[in-house]
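final_34.txt (compact mmCIF, C-alpha atoms and all ligand atoms)
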# COMPACT_ATOMS: atom_id res chain seq x y z
CA MET C 269 256.03 39.52 -9.81
CA ARG C 270 255.90 43.34 -9.94
CA GLN C 271 253.10 44.77 -12.07
CA LYS C 272 254.28 47.24 -14.70
CA PHE C 273 253.45 50.84 -13.90
CA VAL C 274 253.05 53.82 -16.26
CA VAL C 275 252.44 57.34 -14.98
CA GLY C 276 251.66 60.42 -17.06
CA ASN C 277 252.98 63.64 -15.53
CA TRP C 278 251.35 66.54 -17.34
CA LYS C 279 253.38 69.11 -15.39
CA MET C 280 252.00 72.66 -15.94
CA HIS C 281 250.48 71.82 -19.32
CA THR C 282 247.01 71.49 -20.84
CA THR C 283 243.83 73.52 -20.52
CA ALA C 284 240.53 72.31 -19.10
CA ALA C 285 239.33 71.42 -22.60
CA VAL C 286 242.56 69.62 -23.52
CA ALA C 287 242.70 67.80 -20.18
CA GLY C 288 239.15 66.50 -20.65
CA ARG C 289 239.78 65.30 -24.21
CA LEU C 290 243.15 63.74 -23.37
CA THR C 291 241.74 61.89 -20.36
CA GLN C 292 238.83 60.54 -22.40
CA ALA C 293 241.11 59.38 -25.21
CA ILE C 294 243.48 57.61 -22.81
CA ALA C 295 240.71 55.97 -20.80
CA ASP C 296 238.94 54.82 -23.99
CA GLY C 297 242.21 53.64 -25.53
CA LEU C 298 243.01 51.45 -22.53
CA GLY C 299 239.56 49.98 -22.28
CA SER C 300 239.44 47.14 -19.77
CA ASP C 301 243.07 46.07 -20.15
CA THR C 302 244.46 45.74 -16.63
CA ARG C 303 247.93 44.38 -17.37
CA VAL C 304 249.63 47.71 -16.61
CA ARG C 305 248.82 50.01 -13.69
CA VAL C 306 248.21 53.45 -15.24
CA VAL C 307 248.02 56.82 -13.47
CA LEU C 308 247.39 60.33 -14.81
CA CYS C 309 248.76 63.33 -12.90
CA PRO C 310 247.20 66.55 -14.24
CA PRO C 311 247.82 70.03 -12.79
CA PHE C 312 245.89 70.76 -9.55
CA PRO C 313 243.11 72.83 -11.20
CA TYR C 314 242.12 69.93 -13.45
CA LEU C 315 242.20 67.12 -10.89
CA ALA C 316 238.42 67.17 -10.34
CA LEU C 317 237.65 67.30 -14.05
CA VAL C 318 240.08 64.49 -14.91
CA GLY C 319 238.90 62.44 -11.92
CA GLU C 320 235.31 62.76 -13.15
CA ARG C 321 236.28 61.50 -16.62
CA LEU C 322 238.25 58.60 -15.14
CA LYS C 323 235.26 57.27 -13.18
CA GLY C 324 234.52 53.74 -14.33
CA SER C 325 237.87 53.49 -16.10
CA ARG C 326 240.87 51.53 -14.87
CA VAL C 327 243.11 54.61 -14.79
CA ALA C 328 243.96 56.10 -11.40
CA LEU C 329 244.30 59.78 -10.55
CA GLY C 330 247.46 61.32 -9.10
CA ALA C 331 248.69 64.76 -8.09
CA GLN C 332 252.07 66.29 -8.80
CA ASN C 333 252.75 67.67 -5.34
CA LEU C 334 251.29 68.42 -1.90
CA TYR C 335 252.05 70.47 1.18
CA PRO C 336 252.85 68.46 4.32
CA ALA C 337 250.20 69.81 6.69
CA ALA C 338 246.57 68.89 7.31
CA ASP C 339 245.45 72.53 6.93
CA GLY C 340 246.54 76.00 7.99
CA PRO C 341 247.94 79.31 6.78
CA PHE C 342 249.81 78.02 3.72
CA THR C 343 248.63 80.28 0.92
CA GLY C 344 248.55 78.59 -2.43
CA GLU C 345 249.27 75.12 -1.10
CA VAL C 346 247.24 71.90 -1.25
CA SER C 347 246.96 69.38 1.59
CA PRO C 348 247.04 65.58 1.40
CA THR C 349 243.38 65.29 2.46
CA MET C 350 242.33 67.78 -0.23
CA LEU C 351 243.91 65.42 -2.76
CA LEU C 352 241.97 62.51 -1.28
CA ASP C 353 238.77 64.58 -1.49
CA LEU C 354 239.43 65.05 -5.20
CA GLY C 355 239.80 61.31 -5.72
CA CYS C 356 243.57 61.10 -5.91
CA GLN C 357 245.17 57.79 -5.10
CA TYR C 358 248.74 58.80 -5.98
CA VAL C 359 251.07 61.73 -5.54
CA ILE C 360 254.42 62.45 -7.20
CA LEU C 361 256.95 63.82 -4.71
CA GLY C 362 260.54 64.99 -5.03
CA HIS C 363 260.35 65.68 -8.76
CA SER C 364 263.61 67.21 -9.95
CA GLU C 365 261.80 70.31 -11.20
CA ARG C 366 260.69 70.92 -7.61
CA ARG C 367 264.08 70.04 -6.18
CA HIS C 368 266.04 72.24 -8.59
CA THR C 369 263.67 75.01 -9.68
CA LEU C 370 261.85 75.44 -6.37
CA GLY C 371 264.63 74.45 -4.00
CA GLU C 372 262.97 71.52 -2.24
CA THR C 373 265.33 69.73 0.12
CA ASP C 374 265.45 66.05 1.05
CA ALA C 375 264.21 66.98 4.55
CA PHE C 376 261.16 68.77 3.12
CA ILE C 377 260.48 65.89 0.74
CA ASP C 378 260.66 63.50 3.70
CA GLN C 379 257.94 65.56 5.43
CA LYS C 380 255.79 65.32 2.31
CA VAL C 381 256.30 61.57 1.98
CA ARG C 382 255.27 61.09 5.63
CA ALA C 383 252.20 63.31 5.21
CA ALA C 384 251.07 61.52 2.06
CA LEU C 385 251.50 58.03 3.46
CA ALA C 386 249.78 59.02 6.70
CA VAL C 387 246.50 59.75 4.90
CA GLY C 388 246.68 56.71 2.64
CA LEU C 389 248.02 58.20 -0.59
CA ASP C 390 250.42 56.14 -2.71
CA VAL C 391 253.73 57.95 -3.16
CA ILE C 392 255.88 58.04 -6.28
CA LEU C 393 259.19 59.39 -4.98
CA CYS C 394 261.47 60.78 -7.69
CA VAL C 395 265.23 60.57 -7.31
CA GLY C 396 268.03 61.32 -9.76
CA GLU C 397 271.40 62.88 -10.30
CA THR C 398 272.38 65.94 -12.34
CA ARG C 399 274.75 65.74 -15.30
CA ASP C 400 277.60 67.18 -13.22
CA GLN C 401 277.01 64.66 -10.45
CA ARG C 402 277.06 61.79 -12.96
CA ASN C 403 280.25 63.10 -14.55
CA ALA C 404 281.83 63.31 -11.10
CA ASN C 405 280.89 59.66 -10.39
CA GLN C 406 278.51 60.76 -7.65
CA THR C 407 275.37 59.08 -9.00
CA GLU C 408 275.25 56.33 -6.39
CA ALA C 409 276.01 58.71 -3.52
CA VAL C 410 273.28 61.13 -4.64
CA LEU C 411 270.68 58.38 -5.01
CA ASP C 412 271.65 56.92 -1.63
CA ARG C 413 271.24 60.32 0.01
CA GLN C 414 267.91 61.07 -1.66
CA LEU C 415 266.56 57.64 -0.70
CA GLY C 416 267.93 57.64 2.84
CA GLN C 417 266.70 61.13 3.68
CA GLY C 418 263.56 61.18 1.57
CA LEU C 419 262.36 57.89 3.04
CA ALA C 420 263.35 58.60 6.64
CA GLY C 421 259.71 58.60 7.71
CA VAL C 422 258.63 55.45 5.91
CA THR C 423 257.60 52.54 8.12
CA ALA C 424 257.23 48.88 7.24
CA GLY C 425 253.43 49.15 7.20
CA THR C 426 253.45 51.76 4.42
CA LEU C 427 256.06 50.25 2.08
CA ALA C 428 253.43 48.74 -0.20
CA ARG C 429 252.18 52.27 -1.03
CA LEU C 430 255.56 53.52 -2.13
CA SER C 431 257.30 53.38 -5.48
CA ILE C 432 260.44 55.07 -6.75
CA ALA C 433 260.94 56.87 -10.05
CA TYR C 434 264.55 57.09 -11.17
CA GLU C 435 264.74 60.31 -13.15
CA PRO C 436 268.23 61.44 -14.10
CA VAL C 437 267.92 65.23 -14.23
CA TRP C 438 269.96 65.43 -17.44
CA ALA C 439 267.48 63.18 -19.23
CA ILE C 440 264.24 64.97 -18.35
CA GLY C 441 262.67 66.86 -21.22
CA ASN C 442 265.82 66.22 -23.23
CA LEU C 443 265.17 63.84 -26.10
CA SER C 444 268.74 63.93 -27.36
CA HIS C 445 270.14 62.88 -24.00
CA HIS C 446 267.88 60.22 -22.55
CA ALA C 447 269.45 57.45 -20.51
CA THR C 448 270.33 54.20 -22.22
CA PRO C 449 268.52 51.04 -21.11
CA GLN C 450 271.79 49.91 -19.50
CA GLN C 451 272.18 53.16 -17.55
CA ALA C 452 268.60 52.83 -16.32
CA GLN C 453 269.08 49.16 -15.40
CA ASP C 454 272.28 49.93 -13.47
CA ALA C 455 270.73 52.82 -11.54
CA HIS C 456 267.63 50.77 -10.73
CA ALA C 457 269.81 47.93 -9.42
CA GLY C 458 271.62 50.43 -7.18
CA ILE C 459 268.31 51.84 -5.90
CA ARG C 460 266.99 48.36 -5.17
CA ARG C 461 270.23 47.47 -3.35
CA ARG C 462 269.98 50.59 -1.23
CA PHE C 463 266.30 50.01 -0.53
CA GLY C 464 267.17 46.48 0.62
CA LEU C 465 269.68 47.89 3.10
CA LEU C 466 267.05 50.31 4.40
CA PHE C 467 264.01 48.03 4.51
CA GLY C 468 265.14 44.44 3.93
CA GLU C 469 265.40 42.22 0.87
CA PRO C 470 261.71 41.17 0.54
CA ALA C 471 260.69 44.85 0.47
CA ALA C 472 263.39 45.59 -2.12
CA GLN C 473 262.18 42.76 -4.34
CA ALA C 474 258.60 44.03 -4.10
CA LEU C 475 259.56 47.66 -4.82
CA VAL C 476 258.36 49.08 -8.14
CA ILE C 477 261.03 51.30 -9.70
CA SER C 478 260.05 53.31 -12.76
CA TYR C 479 262.34 55.18 -15.13
CA GLY C 480 261.62 58.74 -16.18
CA GLY C 481 263.47 60.99 -18.61
CA SER C 482 262.26 61.54 -22.17
CA VAL C 483 260.57 58.15 -22.50
CA GLU C 484 259.03 57.82 -25.95
CA PRO C 485 257.15 55.00 -27.67
CA GLU C 486 260.24 54.16 -29.76
CA ASP C 487 262.47 53.36 -26.80
CA ALA C 488 259.90 52.28 -24.22
CA ALA C 489 260.04 48.55 -25.01
CA ALA C 490 263.86 48.47 -24.79
CA LEU C 491 263.76 50.23 -21.43
CA LEU C 492 260.84 48.34 -19.95
CA SER C 493 262.20 44.93 -20.89
CA ARG C 494 265.31 45.48 -18.76
CA PRO C 495 265.43 43.59 -15.45
CA GLY C 496 264.40 45.86 -12.61
CA VAL C 497 262.85 48.55 -14.84
CA ASP C 498 259.26 48.20 -13.70
CA GLY C 499 257.62 51.19 -15.24
CA ALA C 500 257.86 54.64 -16.78
CA LEU C 501 257.15 58.13 -15.51
CA VAL C 502 256.30 59.98 -18.68
CA GLY C 503 256.25 63.74 -19.12
CA GLY C 504 256.16 65.11 -22.67
CA ALA C 505 254.90 61.92 -24.32
CA SER C 506 251.92 61.78 -21.93
CA LEU C 507 250.46 64.97 -23.39
CA HIS C 508 249.08 63.12 -26.42
CA ALA C 509 247.02 59.96 -26.21
CA ASP C 510 248.70 57.95 -28.97
CA PRO C 511 252.31 58.04 -27.72
CA PHE C 512 251.18 57.54 -24.13
CA LEU C 513 249.04 54.53 -25.08
CA ALA C 514 251.93 53.14 -27.11
CA ILE C 515 254.17 53.35 -24.03
CA VAL C 516 251.54 51.53 -21.96
CA ARG C 517 251.36 48.85 -24.67
CA ALA C 518 255.15 48.54 -24.64
CA ALA C 519 254.96 47.88 -20.90
CA SER C 520 252.32 45.14 -21.32
C1 LIG J 1 258.82 63.87 -15.97
O1 LIG J 1 257.97 64.73 -16.05
O2 LIG J 1 258.99 63.31 -14.88
C2 LIG J 1 259.58 63.50 -17.17
C3 LIG J 1 260.34 62.44 -17.12
O3 LIG J 1 259.42 64.30 -18.27
P1 LIG J 1 259.87 63.94 -19.78
O4 LIG J 1 259.30 62.59 -20.09
O5 LIG J 1 259.28 65.02 -20.61
O6 LIG J 1 261.37 63.91 -19.81
This structure in structure tokens:
Amino acid sequence: MRQKFVVGNWKMHTTAAVAGRLTQAIADGLGSDTRVRVVLCPPFPYLALVGERLKGSRVALGAQNLYPAADGPFTGEVSPTMLLDLGCQYVILGHSERRHTLGETDAFIDQKVRAALAVGLDVILCVGETRDQRNANQTEAVLDRQLGQGLAGVTAGTLARLSIAYEPVWAIGNLSHHATPQQAQDAHAGIRRRFGLLFGEPAAQALVISYGGSVEPEDAAALLSRPGVDGALVGGASLHADPFLAIVRAAS
């Protein structure tokens, strides 16, 4: 039985004051309910502040990115161990905004996945096709490539610290074009099939696959009740406590 998983990705939003208030409201709103695994991923500058507020709560801290080196001359970058120092348990890697706006390749994402797993971080690897790729019937091929190359460095011993977020690029930050529950279910089934070919059927059955792309409280229950849709990676709706808490409740 896979535990439901809800992750808030704040992207490059909030201020210190907003981050503190939002964290407090979410932690208080969840109380001691442990049915859903919940993670907050604030921007780097607020990780320490959010981590401090999350102490004693059942919400885990995650980062939105890392650089795949222990240390060195990488101006502006943040290493996996720095994230551990700040109390992070999770890291989002391969987000489409990094793939498409910042030009991250599958090979680079593979390096990041290896580096994160090597220090004990849990990885949320994002995969997803663009609108053009979907229209050209390339969805499965794109997901297969992103999984095959992005997970090239994953070994059997680290599989339990890995989850996948299916995030169709055309659905992110695009309320009028979010994926239907059926589209999400179909893509998740394809990801699980591919994962089974890569790592074996027991690992595929244990794999948590979340959907991301304009998830809102109104459609969360329909999405999260689909077979194989194990969680939600939430951007916009995680920037306010009430909608985020409603999505967590829908997952319960
Ligand atoms: C995301 O940040 O990964 C995301 C899915 O954003 P949104 O929910 O705003 O589409």
Cut-off 10 Å: closest chain C/ligand LIG 1 (chain J) atom pairs per residue, using only C-alpha atoms and all ligand atoms, as a Markdown table:
| residue | atom | partner | partner_atom | distance |
| --- | --- | --- | --- | --- |
| C:Val275 | CA | J:LIG1 | O2 | 8.9 |
| C:Gly276 | CA | J:LIG1 | O1 | 7.7 |
| C:Asn277 | CA | J:LIG1 | O1 | 5.1 |
| C:Trp278 | CA | J:LIG1 | O1 | 7.0 |
| C:Lys279 | CA | J:LIG1 | O1 | 6.4 |
| C:Met280 | CA | J:LIG1 | O1 | 9.9 |
| C:Cys309 | CA | J:LIG1 | O1 | 9.8 |
| C:Gln332 | CA | J:LIG1 | O1 | 9.5 |
| C:Ile360 | CA | J:LIG1 | O2 | 9.0 |
| C:His363 | CA | J:LIG1 | O2 | 6.7 |
| C:Ser364 | CA | J:LIG1 | O2 | 7.8 |
| C:Glu365 | CA | J:LIG1 | O1 | 8.3 |
| C:Cys394 | CA | J:LIG1 | O2 | 8.0 |
| C:Ala433 | CA | J:LIG1 | O2 | 8.3 |
| C:Tyr434 | CA | J:LIG1 | C3 | 9.0 |
| C:Glu435 | CA | J:LIG1 | C3 | 6.3 |
| C:Pro436 | CA | J:LIG1 | C3 | 8.5 |
| C:Val437 | CA | J:LIG1 | C3 | 8.6 |
| C:Trp438 | CA | J:LIG1 | O6 | 9.0 |
| C:Ala439 | CA | J:LIG1 | O6 | 6.2 |
| C:Ile440 | CA | J:LIG1 | O6 | 3.4 |
| C:Gly441 | CA | J:LIG1 | O6 | 3.5 |
| C:Asn442 | CA | J:LIG1 | O6 | 6.1 |
| C:Leu443 | CA | J:LIG1 | O6 | 7.3 |
| C:His445 | CA | J:LIG1 | O6 | 9.8 |
| C:His446 | CA | J:LIG1 | O6 | 8.0 |
| C:Tyr479 | CA | J:LIG1 | C3 | 7.8 |
| C:Gly480 | CA | J:LIG1 | C3 | 4.0 |
| C:Gly481 | CA | J:LIG1 | C3 | 3.8 |
| C:Ser482 | CA | J:LIG1 | O6 | 3.5 |
| C:Val483 | CA | J:LIG1 | O4 | 5.2 |
| C:Glu484 | CA | J:LIG1 | O4 | 7.6 |
| C:Ala500 | CA | J:LIG1 | C3 | 8.2 |
| C:Leu501 | CA | J:LIG1 | O2 | 5.5 |
| C:Val502 | CA | J:LIG1 | O4 | 4.2 |
| C:Gly503 | CA | J:LIG1 | O3 | 3.3 |
| C:Gly504 | CA | J:LIG1 | O5 | 3.7 |
| C:Ala505 | CA | J:LIG1 | O4 | 6.1 |
| C:Ser506 | CA | J:LIG1 | O4 | 7.6 |
| C:Leu507 | CA | J:LIG1 | O5 | 9.2 |
Restricting the calculation to only C-alpha atoms: of C:Ser444, C:Thr302, C:Gln379, C:Thr282, which residue gets closest to Leu315 of chain C?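 For Leu315 of chain C, the nearest of the given residues is C:Thr282.
Nearest residue to Arg366 of chain C among C:Thr349, C:Ser478, C:Asn333, C:Asp339 is C:Asn333, counting all atoms listed in the file.
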I'd like the neighbourhood of Ala474 of chain C as JSON, numbers by chain, where a residue qualifies if any of its atoms comes within 12 Å (using all atoms listed in the file), though same-chain residues fewer than 6 positions away should be ignored. {"C": [269, 270, 271, 272, 427, 428, 429, 430, 431, 432, 460, 463, 464, 467, 468, 496, 498]}
Selection to disk with C-alpha atoms, as a JSON list (two decimals), keeping the file's coordinate frame:
[["chain", "number", "residue", "atom", "x", "y", "z"],
["C", 269, "MET", "CA", 256.03, 39.52, -9.81],
["C", 270, "ARG", "CA", 255.90, 43.34, -9.94],
["C", 271, "GLN", "CA", 253.10, 44.77, -12.07],
["C", 272, "LYS", "CA", 254.28, 47.24, -14.70],
["C", 427, "LEU", "CA", 256.06, 50.25, 2.08],
["C", 428, "ALA", "CA", 253.43, 48.74, -0.20],
["C", 429, "ARG", "CA", 252.18, 52.27, -1.03],
["C", 430, "LEU", "CA", 255.56, 53.52, -2.13],
["C", 431, "SER", "CA", 257.30, 53.38, -5.48],
["C", 432, "ILE", "CA", 260.44, 55.07, -6.75],
["C", 460, "ARG", "CA", 266.99, 48.36, -5.17],
["C", 463, "PHE", "CA", 266.30, 50.01, -0.53],
["C", 464, "GLY", "CA", 267.17, 46.48, 0.62],
["C", 467, "PHE", "CA", 264.01, 48.03, 4.51],
["C", 468, "GLY", "CA", 265.14, 44.44, 3.93],
["C", 496, "GLY", "CA", 264.40, 45.86, -12.61],
["C", 498, "ASP", "CA", 259.26, 48.20, -13.70]]
Enter the distance from atom CA of Ser520 of chain C to atom CA of Val304 of chain C, in Å, rounded to one decimal.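 These atoms are spaced 6.0 Å apart.
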Mind giving me the straight-line distance from atom CA of Pro449 of chain C to atom CA of Leu492 of chain C in Å, one decimal?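 Going from atom CA of Pro449 of chain C over to atom CA of Leu492 of chain C covers 8.2 Å.
Between Leu475 of chain C and the residues C:Phe273, C:Glu345, C:Val307, C:Leu389, the shortest atom-to-atom distance, using only C-alpha atoms, involves C:Phe273.
If you measure from each of C:Arg321, C:Tyr358, C:Ala455, C:Phe512 to Gln406 of chain C using all atoms listed in the file, the closest one turns out to be C:Ala455.
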Counting only C-alpha atoms, which residues sit no farther than 12 Å from the position (247.2, 57.2, -25.0) in the file's frame? I'd like them as an NGL selection string. :C and (274-276 or 289-299 or 306-308 or 327 or 484-485 or 502 or 505-518)
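Here atom CA of Leu415 of chain C is placed at a distance of 21.8 Å from atom CA of Gln357 of chain C.
Using all atoms listed in the file for every distance, the candidate list C:His456, C:Gly362, C:Ala375, C:Val286 yields C:Val286 as the residue closest to Leu317 of chain C.
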Show which residues sit within 12 Å of Cys356 of chain C, as a PyMOL selection string. Count all atoms listed in the file, and ignore same-chain residues fewer than 3 positions away. chain C and resi 307-310+312+314-320+322-323+327-334+347-353+359-360+384+387-391
May I have the residues from that selection written out with C-alpha atoms, as a PDB file, keeping the file's coordinate frame?
ATOM      1  CA  VAL C 307     248.020  56.820 -13.470  1.00  0.00           C
ATOM      2  CA  LEU C 308     247.390  60.330 -14.810  1.00  0.00           C
ATOM      3  CA  CYS C 309     248.760  63.330 -12.900  1.00  0.00           C
ATOM      4  CA  PRO C 310     247.200  66.550 -14.240  1.00  0.00           C
ATOM      5  CA  PHE C 312     245.890  70.760  -9.550  1.00  0.00           C
ATOM      6  CA  TYR C 314     242.120  69.930 -13.450  1.00  0.00           C
ATOM      7  CA  LEU C 315     242.200  67.120 -10.890  1.00  0.00           C
ATOM      8  CA  ALA C 316     238.420  67.170 -10.340  1.00  0.00           C
ATOM      9  CA  LEU C 317     237.650  67.300 -14.050  1.00  0.00           C
ATOM     10  CA  VAL C 318     240.080  64.490 -14.910  1.00  0.00           C
ATOM     11  CA  GLY C 319     238.900  62.440 -11.920  1.00  0.00           C
ATOM     12  CA  GLU C 320     235.310  62.760 -13.150  1.00  0.00           C
ATOM     13  CA  LEU C 322     238.250  58.600 -15.140  1.00  0.00           C
ATOM     14  CA  LYS C 323     235.260  57.270 -13.180  1.00  0.00           C
ATOM     15  CA  VAL C 327     243.110  54.610 -14.790  1.00  0.00           C
ATOM     16  CA  ALA C 328     243.960  56.100 -11.400  1.00  0.00           C
ATOM     17  CA  LEU C 329     244.300  59.780 -10.550  1.00  0.00           C
ATOM     18  CA  GLY C 330     247.460  61.320  -9.100  1.00  0.00           C
ATOM     19  CA  ALA C 331     248.690  64.760  -8.090  1.00  0.00           C
ATOM     20  CA  GLN C 332     252.070  66.290  -8.800  1.00  0.00           C
ATOM     21  CA  ASN C 333     252.750  67.670  -5.340  1.00  0.00           C
ATOM     22  CA  LEU C 334     251.290  68.420  -1.900  1.00  0.00           C
ATOM     23  CA  SER C 347     246.960  69.380   1.590  1.00  0.00           C
ATOM     24  CA  PRO C 348     247.040  65.580   1.400  1.00  0.00           C
ATOM     25  CA  THR C 349     243.380  65.290   2.460  1.00  0.00           C
ATOM     26  CA  MET C 350     242.330  67.780  -0.230  1.00  0.00           C
ATOM     27  CA  LEU C 351     243.910  65.420  -2.760  1.00  0.00           C
ATOM     28  CA  LEU C 352     241.970  62.510  -1.280  1.00  0.00           C
ATOM     29  CA  ASP C 353     238.770  64.580  -1.490  1.00  0.00           C
ATOM     30  CA  VAL C 359     251.070  61.730  -5.540  1.00  0.00           C
ATOM     31  CA  ILE C 360     254.420  62.450  -7.200  1.00  0.00           C
ATOM     32  CA  ALA C 384     251.070  61.520   2.060  1.00  0.00           C
ATOM     33  CA  VAL C 387     246.500  59.750   4.900  1.00  0.00           C
ATOM     34  CA  GLY C 388     246.680  56.710   2.640  1.00  0.00           C
ATOM     35  CA  LEU C 389     248.020  58.200  -0.590  1.00  0.00           C
ATOM     36  CA  ASP C 390     250.420  56.140  -2.710  1.00  0.00           C
ATOM     37  CA  VAL C 391     253.730  57.950  -3.160  1.00  0.00           C
TER      38      VAL C 391
END
